[in-house]
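With TSV, C-alpha atoms inside, this is final.tsv:
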chain	number	residue	atom	x	y	z
I	24	MET	CA	-8.24	4.26	42.86
I	25	ARG	CA	-10.76	3.36	45.54
I	26	ALA	CA	-13.59	5.18	43.72
I	27	ARG	CA	-12.76	3.36	40.50
I	28	PHE	CA	-12.88	0.00	42.30
I	29	ARG	CA	-16.24	0.90	43.83
I	30	ALA	CA	-17.58	1.87	40.39
I	31	VAL	CA	-16.49	-1.46	38.92
I	32	VAL	CA	-18.13	-3.33	41.83
I	33	GLU	CA	-21.36	-1.38	41.26
I	34	LEU	CA	-21.32	-2.27	37.57
I	35	LEU	CA	-20.69	-5.94	38.36
I	36	LEU	CA	-23.61	-5.92	40.81
I	37	ALA	CA	-25.76	-4.31	38.11
I	38	CYS	CA	-24.86	-7.15	35.74
I	39	ALA	CA	-25.74	-9.69	38.42
I	40	ALA	CA	-29.09	-7.96	38.98
I	41	VAL	CA	-29.78	-8.11	35.23
I	42	ALA	CA	-29.02	-11.83	35.21
I	43	GLY	CA	-31.33	-12.34	38.20
I	44	CYS	CA	-34.01	-10.29	36.47
I	45	ALA	CA	-33.80	-12.47	33.36
I	46	ALA	CA	-33.94	-15.65	35.43
I	47	SER	CA	-36.93	-14.52	37.45
I	48	TRP	CA	-38.74	-13.27	34.33
I	49	SER	CA	-38.48	-16.72	32.80
I	50	ALA	CA	-40.19	-18.14	35.89
I	51	VAL	CA	-42.94	-15.49	36.05
I	52	ARG	CA	-45.39	-16.95	33.55
I	53	THR	CA	-46.94	-20.36	33.23
I	54	THR	CA	-49.45	-21.72	30.76
I	55	VAL	CA	-52.62	-23.37	32.07
I	56	GLU	CA	-55.54	-25.05	30.35
I	57	VAL	CA	-58.91	-23.38	30.75
I	58	ALA	CA	-62.09	-25.39	30.67
I	59	PRO	CA	-64.44	-24.72	27.76
I	60	VAL	CA	-67.29	-22.29	28.29
I	61	LEU	CA	-69.81	-24.27	26.27
I	62	LYS	CA	-70.20	-27.97	25.77
I	63	ASP	CA	-68.36	-29.42	22.74
I	64	GLN	CA	-65.91	-26.49	22.64
I	65	PRO	CA	-62.15	-27.08	22.70
I	66	VAL	CA	-60.03	-26.48	25.74
I	67	THR	CA	-58.14	-23.18	25.54
I	68	THR	CA	-54.89	-22.10	27.10
I	69	SER	CA	-54.19	-19.03	29.20
I	70	VAL	CA	-51.08	-17.41	30.63
I	71	VAL	CA	-50.93	-16.96	34.41
I	72	TYR	CA	-48.43	-14.59	36.02
I	73	ASP	CA	-47.00	-15.17	39.49
I	74	PRO	CA	-47.26	-11.80	41.30
I	75	SER	CA	-44.35	-12.35	43.69
I	76	MET	CA	-41.96	-13.31	40.88
I	77	LEU	CA	-43.19	-10.37	38.82
I	78	LEU	CA	-42.45	-8.04	41.74
I	79	LEU	CA	-38.98	-9.58	42.11
I	80	THR	CA	-38.35	-9.05	38.39
I	81	LEU	CA	-39.36	-5.39	38.56
I	82	LEU	CA	-37.29	-4.77	41.70
I	83	LEU	CA	-34.21	-6.40	40.18
I	84	ALA	CA	-34.62	-4.35	37.00
I	85	THR	CA	-34.87	-1.16	39.08
I	86	VAL	CA	-31.81	-2.04	41.16
I	87	ALA	CA	-29.84	-2.92	38.03
I	88	GLY	CA	-30.70	0.41	36.43
I	89	MET	CA	-29.81	2.41	39.53
I	90	LEU	CA	-26.49	0.60	40.01
I	91	ALA	CA	-25.60	1.02	36.34
I	92	VAL	CA	-26.26	4.77	36.39
I	93	VAL	CA	-24.36	5.30	39.65
I	94	GLY	CA	-21.46	3.11	38.52
I	95	ILE	CA	-21.09	4.82	35.15
I	96	ALA	CA	-21.31	8.28	36.74
I	97	ARG	CA	-18.64	7.32	39.29
I	98	LEU	CA	-16.37	5.95	36.53
I	99	ARG	CA	-16.73	9.15	34.53
I	100	ARG	CA	-15.97	11.30	37.58
I	101	THR	CA	-12.83	9.33	38.43
I	102	GLY	CA	-11.69	9.55	34.81
I	103	ARG	CA	-12.06	13.33	34.83
I	104	ALA	CA	-10.30	13.69	38.18
I	105	ALA	CA	-7.33	11.65	36.92
I	106	ALA	CA	-7.08	13.72	33.74
I	107	ALA	CA	-7.10	17.07	35.57
Can you give me the file's structure in the form of C-alpha cells?
Amino acid sequence: MRARFRAVVELLLACAAVAGCAASWSAVRTTVEVAPVLKDQPVTTSVVYDPSMLLLTLLLATVAGMLAVVGIARLRRTGRAAAA
C-alpha cells in the first residue's frame, strides 16, 4: 500500500511539473520591435527568448518525464505484486 501511495504522489508531482513547464513556457518568449536597417523601411518584429525561463522550462519537462516514468513503473510493480 505504501508503494502505491508513493507512485500516486510521484504522478501528481509529475502533473504539477507539467503545469509549471507550461506556465514557464508561456513566459519564455516576448516580441520586440527592431529598428529598420535602411531609411524609409518599416519596423519589423522579432522574438526574444529569456534564457533563464527557457532553462526552467527544460528542467521542469525533464523532471516531469522522470517522475512519470518512475511513478508508472512503481504502479505496475505494485499491481503485479498484489496479483501474485
Counting all atoms listed in the file, which residue out of I:Ala91, I:Ala84, I:Arg103, I:Ser69 sits closest to Cys44 in chain I? I:Ala84
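One finds CA of Val32 in chain I at 27.8 Å from CA of Ser75 in chain I.
Straight-line separation from CA of Ala46 in chain I to CA of Ala96 in chain I: 27.1 Å.
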Surrounding residues of Gly88 in chain I excluding itself and chain neighbours under 5 positions, 9 Å, all atoms listed in the file, as JSON, numbers by chain: {"I": [37, 40, 41, 83, 93]}
Can you pull out the residues contacting Gly94 in chain I? Cut-off 12 Å, using only C-alpha atoms, and skip same-chain residues under 5 positions away; I want them as JSON, numbers by chain. {"I": [26, 27, 28, 29, 30, 31, 32, 33, 34, 35, 36, 37, 38, 86, 87, 88, 89, 99, 100, 101]}
Separating CA of Val71 in chain I from CA of Gly43 in chain I, to the nearest tenth of an Å, is a gap of 20.5 Å
Go through I:Leu81, I:Thr68, I:Asp73, I:Arg25 and flag the residue nearest Ala50 in chain I, using all atoms listed in the file for the distances. I:Asp73
Final N, CA and C atoms of range 59-86 of chain I as a tab-separated table (two decimals), in the frame of the given file:
chain	number	residue	atom	x	y	z
I	59	PRO	N	-63.59	-25.38	28.76
I	59	PRO	CA	-64.44	-24.72	27.76
I	59	PRO	C	-65.66	-24.07	28.40
I	60	VAL	N	-66.12	-23.00	27.77
I	60	VAL	CA	-67.29	-22.29	28.29
I	60	VAL	C	-68.57	-23.05	27.94
I	61	LEU	N	-68.64	-23.53	26.72
I	61	LEU	CA	-69.81	-24.27	26.27
I	61	LEU	C	-69.44	-25.73	26.01
I	62	LYS	N	-70.43	-26.56	26.05
I	62	LYS	CA	-70.20	-27.97	25.77
I	62	LYS	C	-69.75	-28.14	24.32
I	63	ASP	N	-68.90	-29.10	24.07
I	63	ASP	CA	-68.36	-29.42	22.74
I	63	ASP	C	-67.41	-28.35	22.20
I	64	GLN	N	-66.90	-27.48	23.05
I	64	GLN	CA	-65.91	-26.49	22.64
I	64	GLN	C	-64.52	-27.00	23.06
I	65	PRO	N	-63.50	-26.60	22.34
I	65	PRO	CA	-62.15	-27.08	22.70
I	65	PRO	C	-61.63	-26.39	23.97
I	66	VAL	N	-60.70	-27.06	24.58
I	66	VAL	CA	-60.03	-26.48	25.74
I	66	VAL	C	-59.06	-25.41	25.25
I	67	THR	N	-59.04	-24.27	25.92
I	67	THR	CA	-58.14	-23.18	25.54
I	67	THR	C	-57.03	-23.05	26.57
I	68	THR	N	-56.00	-22.32	26.18
I	68	THR	CA	-54.89	-22.10	27.10
I	68	THR	C	-54.84	-20.63	27.51
I	69	SER	N	-54.32	-20.38	28.67
I	69	SER	CA	-54.19	-19.03	29.20
I	69	SER	C	-52.84	-18.90	29.88
I	70	VAL	N	-52.35	-17.68	29.96
I	70	VAL	CA	-51.08	-17.41	30.63
I	70	VAL	C	-51.38	-16.83	32.01
I	71	VAL	N	-50.75	-17.41	33.04
I	71	VAL	CA	-50.93	-16.96	34.41
I	71	VAL	C	-49.59	-16.40	34.89
I	72	TYR	N	-49.63	-15.23	35.51
I	72	TYR	CA	-48.43	-14.59	36.02
I	72	TYR	C	-48.37	-14.72	37.54
I	73	ASP	N	-47.20	-15.07	38.06
I	73	ASP	CA	-47.00	-15.17	39.49
I	73	ASP	C	-46.65	-13.78	40.02
I	74	PRO	N	-47.49	-13.18	40.87
I	74	PRO	CA	-47.26	-11.80	41.30
I	74	PRO	C	-45.96	-11.60	42.08
I	75	SER	N	-45.57	-12.54	42.91
I	75	SER	CA	-44.35	-12.35	43.69
I	75	SER	C	-43.11	-12.38	42.80
I	76	MET	N	-43.10	-13.27	41.81
I	76	MET	CA	-41.96	-13.31	40.88
I	76	MET	C	-41.94	-12.08	39.98
I	77	LEU	N	-43.12	-11.58	39.62
I	77	LEU	CA	-43.19	-10.37	38.82
I	77	LEU	C	-42.65	-9.19	39.61
I	78	LEU	N	-42.98	-9.10	40.89
I	78	LEU	CA	-42.45	-8.04	41.74
I	78	LEU	C	-40.93	-8.16	41.86
I	79	LEU	N	-40.43	-9.37	42.03
I	79	LEU	CA	-38.98	-9.58	42.11
I	79	LEU	C	-38.31	-9.14	40.81
I	80	THR	N	-38.91	-9.45	39.69
I	80	THR	CA	-38.35	-9.05	38.39
I	80	THR	C	-38.27	-7.53	38.28
I	81	LEU	N	-39.35	-6.85	38.65
I	81	LEU	CA	-39.36	-5.39	38.56
I	81	LEU	C	-38.37	-4.75	39.53
I	82	LEU	N	-38.25	-5.30	40.73
I	82	LEU	CA	-37.29	-4.77	41.70
I	82	LEU	C	-35.85	-4.97	41.23
I	83	LEU	N	-35.56	-6.14	40.69
I	83	LEU	CA	-34.21	-6.40	40.18
I	83	LEU	C	-33.87	-5.50	39.00
I	84	ALA	N	-34.85	-5.25	38.13
I	84	ALA	CA	-34.62	-4.35	37.00
I	84	ALA	C	-34.35	-2.92	37.49
I	85	THR	N	-35.08	-2.50	38.51
I	85	THR	CA	-34.87	-1.16	39.08
I	85	THR	C	-33.50	-1.05	39.72
I	86	VAL	N	-33.13	-2.05	40.50
I	86	VAL	CA	-31.81	-2.04	41.16
I	86	VAL	C	-30.69	-2.06	40.12
